[in-house]
file target_5.cif (mmCIF, C-alpha atoms)
data_entry
loop_
_atom_site.group_PDB
_atom_site.id
_atom_site.type_symbol
_atom_site.label_atom_id
_atom_site.label_comp_id
_atom_site.auth_asym_id
_atom_site.auth_seq_id
_atom_site.Cartn_x
_atom_site.Cartn_y
_atom_site.Cartn_z
ATOM 1 C CA MET A 1 -0.643 17.953 37.047
ATOM 2 C CA THR A 2 0.154 15.536 34.275
ATOM 3 C CA PHE A 3 3.600 14.540 35.483
ATOM 4 C CA GLY A 4 3.835 10.790 35.361
ATOM 5 C CA GLU A 5 4.920 7.965 33.095
ATOM 6 C CA TYR A 6 4.502 8.046 29.314
ATOM 7 C CA GLN A 7 5.233 5.383 26.680
ATOM 8 C CA PHE A 8 6.666 5.811 23.202
ATOM 9 C CA ARG A 9 7.035 3.205 20.462
ATOM 10 C CA ASP A 10 7.881 5.225 17.367
ATOM 11 C CA LEU A 11 11.557 6.188 17.255
ATOM 12 C CA ASP A 12 10.832 8.776 14.559
ATOM 13 C CA ALA A 13 8.327 10.567 16.778
ATOM 14 C CA VAL A 14 9.706 10.099 20.277
ATOM 15 C CA ILE A 15 11.773 13.306 20.421
ATOM 16 C CA ASP A 16 8.851 15.503 19.364
ATOM 17 C CA GLY A 17 6.570 13.603 21.751
ATOM 18 C CA VAL A 18 8.924 14.151 24.685
ATOM 19 C CA HIS A 19 9.311 17.846 23.945
ATOM 20 C CA ALA A 20 5.538 18.248 23.707
ATOM 21 C CA LEU A 21 5.252 16.738 27.197
ATOM 22 C CA PHE A 22 7.851 19.108 28.605
ATOM 23 C CA GLU A 23 6.072 22.089 27.039
ATOM 24 C CA GLN A 24 2.913 20.998 28.827
ATOM 25 C CA TRP A 25 4.765 20.584 32.133
ATOM 26 C CA GLN A 26 6.438 23.980 31.771
ATOM 27 C CA GLN A 27 3.032 25.590 31.361
ATOM 28 C CA GLU A 28 1.649 23.695 34.346
ATOM 29 C CA ILE A 29 4.502 24.657 36.639
ATOM 30 C CA GLY A 30 4.432 28.343 35.687
ATOM 31 C CA PRO A 31 5.843 30.536 38.429
ATOM 32 C CA HIS A 32 6.460 28.079 41.278
ATOM 33 C CA PRO A 33 7.793 28.764 44.787
ATOM 34 C CA VAL A 34 10.239 25.850 44.824
ATOM 35 C CA LEU A 35 10.620 24.224 41.419
ATOM 36 C CA ASP A 36 12.391 26.342 38.912
ATOM 37 C CA GLU A 37 11.994 26.429 35.169
ATOM 38 C CA ILE A 38 15.738 26.192 34.590
ATOM 39 C CA ALA A 39 15.815 22.854 36.416
ATOM 40 C CA LEU A 40 12.998 21.625 34.185
ATOM 41 C CA GLU A 41 14.967 22.806 31.121
ATOM 42 C CA GLN A 42 18.005 20.907 32.382
ATOM 43 C CA THR A 43 15.833 17.840 32.923
ATOM 44 C CA LYS A 44 14.516 18.171 29.375
ATOM 45 C CA LEU A 45 18.039 18.479 28.006
ATOM 46 C CA ALA A 46 19.260 15.388 29.872
ATOM 47 C CA VAL A 47 16.211 13.394 28.723
ATOM 48 C CA HIS A 48 16.692 14.595 25.147
ATOM 49 C CA GLU A 49 20.366 13.579 25.124
ATOM 50 C CA TRP A 50 19.575 10.091 26.401
ATOM 51 C CA ILE A 51 16.680 9.489 24.029
ATOM 52 C CA ALA A 52 18.748 10.867 21.136
ATOM 53 C CA ASN A 53 21.352 8.285 22.114
ATOM 54 C CA LEU A 54 18.715 5.539 22.051
ATOM 55 C CA VAL A 55 17.306 6.665 18.694
ATOM 56 C CA GLN A 56 20.732 6.842 17.069
ATOM 57 C CA HIS A 57 22.640 3.981 18.638
ATOM 58 C CA ALA A 58 20.455 1.483 20.513
ATOM 59 C CA GLU A 59 19.940 -2.034 19.174
ATOM 60 C CA PHE A 60 16.368 -3.270 19.551
ATOM 61 C CA GLY A 61 16.838 -6.501 17.632
ATOM 62 C CA ASP A 62 13.541 -7.702 16.186
ATOM 63 C CA ARG A 63 11.540 -6.155 19.039
ATOM 64 C CA GLU A 64 9.250 -3.188 18.576
ATOM 65 C CA PRO A 65 11.042 -0.318 20.365
ATOM 66 C CA GLU A 66 9.509 0.686 23.692
ATOM 67 C CA ILE A 67 10.683 3.719 25.604
ATOM 68 C CA SER A 68 8.991 4.995 28.735
ATOM 69 C CA LEU A 69 9.642 8.310 30.407
ATOM 70 C CA ALA A 70 8.636 9.250 33.935
ATOM 71 C CA VAL A 71 9.283 12.678 35.421
ATOM 72 C CA VAL A 72 8.087 13.459 38.938
ATOM 73 C CA PRO A 73 8.644 16.682 40.913
ATOM 74 C CA ASN A 74 9.914 15.974 44.429
ATOM 75 C CA GLY A 75 10.660 18.926 46.682
ATOM 76 C CA CYS A 76 12.990 21.198 44.774
ATOM 77 C CA ALA A 77 14.067 18.499 42.316
ATOM 78 C CA PHE A 78 12.805 16.478 39.401
ATOM 79 C CA GLU A 79 13.161 12.705 39.553
ATOM 80 C CA CYS A 80 13.425 11.089 36.183
ATOM 81 C CA ALA A 81 13.385 7.513 34.901
ATOM 82 C CA ILE A 82 13.736 6.282 31.329
ATOM 83 C CA LYS A 83 13.185 2.615 30.521
ATOM 84 C CA ASP A 84 13.749 0.970 27.177
ATOM 85 C CA ASN A 85 13.771 -2.520 25.718
ATOM 86 C CA SER A 86 17.038 -2.170 23.809
ATOM 87 C CA GLU A 87 20.148 -4.247 24.320
ATOM 88 C CA GLY A 88 21.661 -1.345 26.242
ATOM 89 C CA PHE A 89 25.064 0.289 26.479
ATOM 90 C CA ASP A 90 28.161 0.075 28.606
ATOM 91 C CA LEU A 91 27.482 3.503 30.055
ATOM 92 C CA HIS A 92 30.321 3.386 32.567
ATOM 93 C CA GLU A 93 32.792 2.594 29.807
ATOM 94 C CA HIS A 94 31.606 5.738 28.010
ATOM 95 C CA LEU A 95 31.501 8.005 31.056
ATOM 96 C CA LEU A 96 34.038 7.035 33.673
ATOM 97 C CA GLY A 97 37.139 9.150 33.549
ATOM 98 C CA LYS A 98 36.172 10.612 30.207
ATOM 99 C CA SER A 99 36.930 14.168 29.254
ATOM 100 C CA ILE A 100 37.114 16.036 25.982
ATOM 101 C CA GLU A 101 40.606 16.810 24.726
ATOM 102 C CA GLU A 102 39.775 18.298 21.332
ATOM 103 C CA ALA A 103 38.971 22.024 21.160
ATOM 104 C CA PHE A 104 35.501 22.782 19.769
ATOM 105 C CA PRO A 105 34.502 19.119 19.565
ATOM 106 C CA GLU A 106 31.747 17.988 17.247
ATOM 107 C CA ARG A 107 31.005 14.790 19.175
ATOM 108 C CA GLY A 108 31.173 13.292 22.631
ATOM 109 C CA MET A 109 29.403 16.045 24.556
ATOM 110 C CA GLY A 110 25.996 14.413 25.056
ATOM 111 C CA LEU A 111 26.801 12.049 27.918
ATOM 112 C CA LEU A 112 28.980 14.685 29.590
ATOM 113 C CA ILE A 113 26.071 17.144 29.437
ATOM 114 C CA MET A 114 23.823 14.519 31.010
ATOM 115 C CA GLN A 115 26.356 13.808 33.712
ATOM 116 C CA ALA A 116 26.780 17.519 34.468
ATOM 117 C CA CYS A 117 23.040 18.276 34.693
ATOM 118 C CA THR A 118 22.119 15.335 36.899
ATOM 119 C CA ASN A 119 22.701 13.777 40.302
ATOM 120 C CA ASN A 120 22.468 10.104 41.251
ATOM 121 C CA LEU A 121 22.742 8.983 37.643
ATOM 122 C CA ARG A 122 22.193 5.221 37.612
ATOM 123 C CA TYR A 123 21.851 2.812 34.725
ATOM 124 C CA SER A 124 20.829 -0.780 35.208
ATOM 125 C CA ARG A 125 19.543 -3.832 33.419
ATOM 126 C CA LEU A 126 15.928 -4.709 34.147
ATOM 127 C CA GLU A 127 14.906 -8.192 35.129
ATOM 128 C CA GLY A 128 13.231 -9.697 32.115
ATOM 129 C CA GLY A 129 15.151 -7.506 29.683
ATOM 130 C CA GLY A 130 15.519 -3.851 28.904
ATOM 131 C CA HIS A 131 17.327 -1.076 30.711
ATOM 132 C CA HIS A 132 16.569 1.641 33.187
ATOM 133 C CA LEU A 133 18.201 5.045 33.529
ATOM 134 C CA GLU A 134 17.438 7.127 36.598
ATOM 135 C CA PHE A 135 18.588 10.554 37.682
ATOM 136 C CA ILE A 136 17.660 13.642 39.657
ATOM 137 C CA VAL A 137 17.932 17.261 38.586
ATOM 138 C CA SER A 138 17.967 19.740 41.459
ATOM 139 C CA ALA A 139 16.797 23.323 41.280
ATOM 140 C CA GLY A 140 19.255 26.098 41.963
ATOM 141 C CA SER A 141 22.364 24.356 40.699
ATOM 142 C CA ASP A 142 24.750 25.848 38.137
ATOM 143 C CA PRO A 143 26.281 22.821 36.414
ATOM 144 C CA TRP A 144 28.905 23.078 33.719
ATOM 145 C CA VAL A 145 30.674 20.880 31.217
ATOM 146 C CA ASN A 146 34.391 21.388 30.715
ATOM 147 C CA ILE A 147 34.721 21.860 26.967
ATOM 148 C CA PRO A 148 38.100 23.046 25.730
ATOM 149 C CA PHE A 149 37.995 26.211 23.620
ATOM 150 C CA MET B 1 15.846 34.515 1.200
ATOM 151 C CA GLU B 2 17.122 31.017 0.603
ATOM 152 C CA THR B 3 15.464 28.167 2.499
ATOM 153 C CA THR B 4 17.265 24.900 3.114
ATOM 154 C CA MET B 5 15.579 21.745 4.434
ATOM 155 C CA SER B 6 15.470 23.227 7.920
ATOM 156 C CA PHE B 7 16.944 26.686 7.896
ATOM 157 C CA ALA B 8 16.211 30.035 6.332
ATOM 158 C CA VAL B 9 19.394 31.781 5.255
ATOM 159 C CA GLU B 10 19.339 35.544 4.620
ATOM 160 C CA PRO B 11 22.450 37.245 3.247
ATOM 161 C CA LEU B 12 22.955 40.742 4.687
ATOM 162 C CA ASN B 13 25.909 41.682 2.527
ATOM 163 C CA ASP B 14 28.873 39.975 0.834
ATOM 164 C CA GLU B 15 30.273 38.621 4.105
ATOM 165 C CA THR B 16 27.447 38.351 6.600
ATOM 166 C CA VAL B 17 24.459 36.070 6.720
ATOM 167 C CA ILE B 18 21.562 35.477 9.113
ATOM 168 C CA VAL B 19 20.629 31.848 9.740
ATOM 169 C CA ARG B 20 17.165 31.397 11.231
ATOM 170 C CA ILE B 21 17.570 28.244 13.269
ATOM 171 C CA GLY B 22 13.865 27.556 13.687
ATOM 172 C CA LYS B 23 12.434 25.106 16.212
ATOM 173 C CA ALA B 24 15.413 22.786 16.636
ATOM 174 C CA LEU B 25 19.084 22.306 15.957
ATOM 175 C CA ASP B 26 19.760 18.765 17.056
ATOM 176 C CA PHE B 27 20.925 15.346 15.895
ATOM 177 C CA ARG B 28 18.103 15.229 13.365
ATOM 178 C CA ASN B 29 19.138 18.275 11.337
ATOM 179 C CA ALA B 30 22.707 19.139 12.395
ATOM 180 C CA ALA B 31 24.087 17.691 9.147
ATOM 181 C CA ASP B 32 21.722 19.947 7.149
ATOM 182 C CA PHE B 33 22.937 22.942 9.151
ATOM 183 C CA LYS B 34 26.561 22.073 8.449
ATOM 184 C CA THR B 35 25.874 21.693 4.733
ATOM 185 C CA ALA B 36 23.948 24.966 4.565
ATOM 186 C CA CYS B 37 26.740 26.832 6.352
ATOM 187 C CA GLN B 38 29.506 25.199 4.304
ATOM 188 C CA ASP B 39 27.731 26.373 1.150
ATOM 189 C CA GLN B 40 27.650 29.909 2.524
ATOM 190 C CA VAL B 41 31.344 29.850 3.454
ATOM 191 C CA ARG B 42 32.138 28.570 -0.020
ATOM 192 C CA ASP B 43 30.217 31.573 -1.401
ATOM 193 C CA GLY B 44 32.387 33.958 0.616
ATOM 194 C CA MET B 45 30.340 34.426 3.792
ATOM 195 C CA ARG B 46 32.445 34.889 6.935
ATOM 196 C CA ASN B 47 30.086 36.233 9.594
ATOM 197 C CA PHE B 48 27.100 34.237 10.793
ATOM 198 C CA ILE B 49 24.250 35.588 12.921
ATOM 199 C CA LEU B 50 22.351 32.643 14.355
ATOM 200 C CA ASP B 51 18.762 33.613 15.182
ATOM 201 C CA PHE B 52 17.512 31.432 18.054
ATOM 202 C CA SER B 53 14.287 33.315 18.699
ATOM 203 C CA GLU B 54 12.101 30.313 17.776
ATOM 204 C CA THR B 55 14.401 27.590 19.043
ATOM 205 C CA GLY B 56 13.145 25.107 21.622
ATOM 206 C CA ILE B 57 15.885 22.488 21.167
ATOM 207 C CA LEU B 58 19.663 22.819 20.955
ATOM 208 C CA ASP B 59 21.429 19.580 21.789
ATOM 209 C CA SER B 60 25.052 18.423 21.890
ATOM 210 C CA THR B 61 25.062 17.453 18.203
ATOM 211 C CA GLY B 62 23.593 20.817 17.243
ATOM 212 C CA LEU B 63 26.206 22.580 19.336
ATOM 213 C CA GLY B 64 28.892 20.452 17.678
ATOM 214 C CA SER B 65 27.702 21.652 14.282
ATOM 215 C CA ILE B 66 28.045 25.278 15.459
ATOM 216 C CA PHE B 67 31.575 24.480 16.660
ATOM 217 C CA SER B 68 32.268 23.078 13.194
ATOM 218 C CA LEU B 69 31.134 26.361 11.634
ATOM 219 C CA TYR B 70 33.278 28.331 14.071
ATOM 220 C CA ARG B 71 36.320 26.244 13.142
ATOM 221 C CA GLN B 72 35.709 27.065 9.489
ATOM 222 C CA VAL B 73 35.272 30.815 9.824
ATOM 223 C CA SER B 74 37.697 31.715 12.611
ATOM 224 C CA PRO B 75 40.826 31.260 10.415
ATOM 225 C CA LEU B 76 39.136 33.616 7.943
ATOM 226 C CA GLU B 77 38.654 36.196 10.717
ATOM 227 C CA GLY B 78 34.946 35.528 10.588
ATOM 228 C CA GLN B 79 32.525 35.456 13.500
ATOM 229 C CA VAL B 80 29.631 33.374 14.733
ATOM 230 C CA VAL B 81 27.247 35.276 17.001
ATOM 231 C CA PHE B 82 24.022 34.320 18.748
ATOM 232 C CA ALA B 83 20.892 36.492 18.569
ATOM 233 C CA ALA B 84 17.581 36.424 20.438
ATOM 234 C CA VAL B 85 18.664 33.430 22.487
ATOM 235 C CA SER B 86 15.683 31.472 23.815
ATOM 236 C CA ARG B 87 15.692 29.923 27.282
ATOM 237 C CA PRO B 88 16.398 26.336 26.135
ATOM 238 C CA VAL B 89 19.391 27.610 24.149
ATOM 239 C CA GLN B 90 20.545 29.790 27.047
ATOM 240 C CA VAL B 91 20.590 26.704 29.300
ATOM 241 C CA VAL B 92 23.010 24.983 26.884
ATOM 242 C CA VAL B 93 25.119 28.146 26.514
ATOM 243 C CA GLN B 94 25.386 28.481 30.294
ATOM 244 C CA LEU B 95 26.104 24.783 30.823
ATOM 245 C CA THR B 96 28.882 24.710 28.248
ATOM 246 C CA ARG B 97 30.162 28.252 28.935
ATOM 247 C CA THR B 98 30.060 28.935 25.209
ATOM 248 C CA TYR B 99 29.168 32.575 25.936
ATOM 249 C CA LYS B 100 32.965 32.908 26.208
ATOM 250 C CA VAL B 101 33.256 32.182 22.491
ATOM 251 C CA PHE B 102 30.020 33.308 20.855
ATOM 252 C CA ARG B 103 28.929 36.896 21.445
ATOM 253 C CA GLN B 104 25.225 37.183 22.250
ATOM 254 C CA PHE B 105 22.831 39.922 21.207
ATOM 255 C CA PRO B 106 19.269 40.511 22.394
ATOM 256 C CA SER B 107 17.971 40.683 18.819
ATOM 257 C CA VAL B 108 19.004 40.013 15.239
ATOM 258 C CA GLU B 109 18.899 43.755 14.648
ATOM 259 C CA ALA B 110 21.392 44.370 17.462
ATOM 260 C CA ALA B 111 23.706 41.690 16.064
ATOM 261 C CA ARG B 112 23.383 43.152 12.624
ATOM 262 C CA GLU B 113 24.372 46.627 13.827
ATOM 263 C CA ALA B 114 27.348 45.242 15.725
ATOM 264 C CA LEU B 115 28.637 43.368 12.695
ATOM 265 C CA SER B 116 28.081 46.136 10.153
#

call {"tool": "encode", "arguments": {"input": "target_5.cif", "output": "structure tokens"}}
result
Amino acid sequence: MTFGEYQFRDLDAVIDGVHALFEQWQQEIGPHPVLDEIALEQTKLAVHEWIANLVQHAEFGDREPEISLAVVPNGCAFECAIKDNSEGFDLHEHLLGKSIEEAFPERGMGLLIMQACTNNLRYSRLEGGGHHLEFIVSAGSDPWVNIPF
Amino acid sequence: METTMSFAVEPLNDETVIVRIGKALDFRNAADFKTACQDQVRDGMRNFILDFSETGILDSTGLGSIFSLYRQVSPLEGQVVFAAVSRPVQVVVQLTRTYKVFRQFPSVEAAREALS
């Protein structure tokens, strides 16, 4: 299997590159006794939301952007890590205690989707610069995001 | 058939239009989707059939742009319905429980019959 760590440097191409990887992994997993395809879709969605956040909002200063993605199946879950060399975000400020008040919101759902899909979501600064997001997506869960309608 | 930057738009009649979403509706083209739909609403369209048969990516920004469309057409007694929902789109629909708002049909043809 080609699960492992992959590097991206072009912010214009990273989303398509990530989705191409997931397509490959979906084909490799196929029908699997433990891992389910829905969990891999949820992993893909969480990864997409975070990388979309990096592409749209991260500050890389004068550095060439570097984003690495690692996805590893472990039992009935996928373990995921995304590193980048941006200046980072105050993720807890954006997530803790946040909910959506507006009906049919146009914005603000991305981090809540990530939070709903994942377990053990951790975000930390790397020694030497850059940031590291880690999470687990477990098979068989039925997560949901409370969006007012 | 009218093709925008990302979306093919096919009018069915004076009030109903099919929007072929294509490979992705996400932060990269959500603004194009909104513009395309606003143009249709301005031209009198009220009912939108969104064809997701080819769609591999629907993200939070894309979903927000569909909510924007819904907010435009619901006061006009219009509808937004989903057709031929692919698995990646179904994951987002299930996660956000938006099946409570947007009726789903197995095919564009089925949606078309229901709205005619």

call {"tool": "residues_around", "arguments": {"input": "target_5.cif", "residues": "Glu10 in chain B", "least_positions_apart": "4", "cutoff": "12 Å", "atoms": "all atoms listed in the file", "output": "list of chain:residue names"}}
result
B:Met1, B:Glu2, B:Thr3, B:Thr4, B:Asp14, B:Glu15, B:Thr16, B:Val17, B:Ile18, B:Val19, B:Arg20, B:Ile21, B:Ala36, B:Cys37, B:Gln40, B:Met45, B:Asn47, B:Phe48, B:Ile49, B:Leu50, B:Asp51, B:Val108, B:Arg112

call {"tool": "closest_atom_pairs", "arguments": {"input": "target_5.cif", "of": "range 54-117 of chain A", "to": "range 122-139 of chain A", "cutoff": "10 Å", "atoms": "all atoms listed in the file", "output": "JSON lines"}}
result
{"residue": "A:Phe60", "atom": "CA", "partner": "A:Gly130", "partner_atom": "CA", "distance": 9.4}
{"residue": "A:Glu66", "atom": "CA", "partner": "A:Gly130", "partner_atom": "CA", "distance": 9.2}
{"residue": "A:Ile67", "atom": "CA", "partner": "A:Gly130", "partner_atom": "CA", "distance": 9.6}
{"residue": "A:Ser68", "atom": "CA", "partner": "A:His132", "partner_atom": "CA", "distance": 9.4}
{"residue": "A:Leu69", "atom": "CA", "partner": "A:Leu133", "partner_atom": "CA", "distance": 9.7}
{"residue": "A:Ala70", "atom": "CA", "partner": "A:Glu134", "partner_atom": "CA", "distance": 9.4}
{"residue": "A:Val71", "atom": "CA", "partner": "A:Ile136", "partner_atom": "CA", "distance": 9.4}
{"residue": "A:Val72", "atom": "CA", "partner": "A:Ile136", "partner_atom": "CA", "distance": 9.6}
{"residue": "A:Pro73", "atom": "CA", "partner": "A:Val137", "partner_atom": "CA", "distance": 9.6}
{"residue": "A:Asn74", "atom": "CA", "partner": "A:Ser138", "partner_atom": "CA", "distance": 9.4}
{"residue": "A:Gly75", "atom": "CA", "partner": "A:Ser138", "partner_atom": "CA", "distance": 9.0}
{"residue": "A:Cys76", "atom": "CA", "partner": "A:Ala139", "partner_atom": "CA", "distance": 5.6}
{"residue": "A:Ala77", "atom": "CA", "partner": "A:Ser138", "partner_atom": "CA", "distance": 4.2}
{"residue": "A:Phe78", "atom": "CA", "partner": "A:Val137", "partner_atom": "CA", "distance": 5.3}
{"residue": "A:Glu79", "atom": "CA", "partner": "A:Ile136", "partner_atom": "CA", "distance": 4.6}
{"residue": "A:Cys80", "atom": "CA", "partner": "A:Phe135", "partner_atom": "CA", "distance": 5.4}
{"residue": "A:Ala81", "atom": "CA", "partner": "A:Glu134", "partner_atom": "CA", "distance": 4.4}
{"residue": "A:Ile82", "atom": "CA", "partner": "A:Leu133", "partner_atom": "CA", "distance": 5.1}
{"residue": "A:Lys83", "atom": "CA", "partner": "A:His132", "partner_atom": "CA", "distance": 4.4}
{"residue": "A:Asp84", "atom": "CA", "partner": "A:Gly130", "partner_atom": "CA", "distance": 5.4}
{"residue": "A:Asn85", "atom": "CA", "partner": "A:Gly130", "partner_atom": "CA", "distance": 3.9}
{"residue": "A:Ser86", "atom": "CA", "partner": "A:Gly130", "partner_atom": "CA", "distance": 5.6}
{"residue": "A:Glu87", "atom": "CA", "partner": "A:Gly130", "partner_atom": "CA", "distance": 6.5}
{"residue": "A:Gly88", "atom": "CA", "partner": "A:His131", "partner_atom": "CA", "distance": 6.2}
{"residue": "A:Phe89", "atom": "CA", "partner": "A:His131", "partner_atom": "CA", "distance": 8.9}
{"residue": "A:Asp90", "atom": "CA", "partner": "A:Tyr123", "partner_atom": "CA", "distance": 9.2}
{"residue": "A:Leu91", "atom": "CA", "partner": "A:Tyr123", "partner_atom": "CA", "distance": 7.3}
{"residue": "A:His92", "atom": "CA", "partner": "A:Tyr123", "partner_atom": "CA", "distance": 8.8}
{"residue": "A:Met114", "atom": "CA", "partner": "A:Phe135", "partner_atom": "CA", "distance": 9.4}
{"residue": "A:Gln115", "atom": "CA", "partner": "A:Phe135", "partner_atom": "CA", "distance": 9.3}
{"residue": "A:Ala116", "atom": "CA", "partner": "A:Val137", "partner_atom": "CA", "distance": 9.8}
{"residue": "A:Cys117", "atom": "CA", "partner": "A:Val137", "partner_atom": "CA", "distance": 6.5}

call {"tool": "interface_residues", "arguments": {"input": "target_5.cif", "of": "chain B", "to": "chain A", "cutoff": "9 Å", "atoms": "all atoms listed in the file", "output": "ChimeraX atom specification"}}
result
/B:26-28,56-68,70-71,87-88,91-92,94-98,100-101

call {"tool": "atom_distance", "arguments": {"input": "target_5.cif", "atom1": "CA of Gln38 in chain B", "atom2": "CA of Asp16 in chain A"}}
result
27.3 Å

call {"tool": "atom_distance", "arguments": {"input": "target_5.cif", "atom1": "CA of Val85 in chain B", "atom2": "CA of Glu54 in chain B"}}
result
8.7 Å

call {"tool": "atom_distance", "arguments": {"input": "target_5.cif", "atom1": "CA of Phe8 in chain A", "atom2": "CA of Ala20 in chain A"}}
result
12.5 Å

call {"tool": "closest_residue", "arguments": {"input": "target_5.cif", "among": "A:Leu21, A:Arg9, A:Gly30, A:Leu35", "to": "Arg63 in chain A", "atoms": "all atoms listed in the file"}}
result
A:Arg9
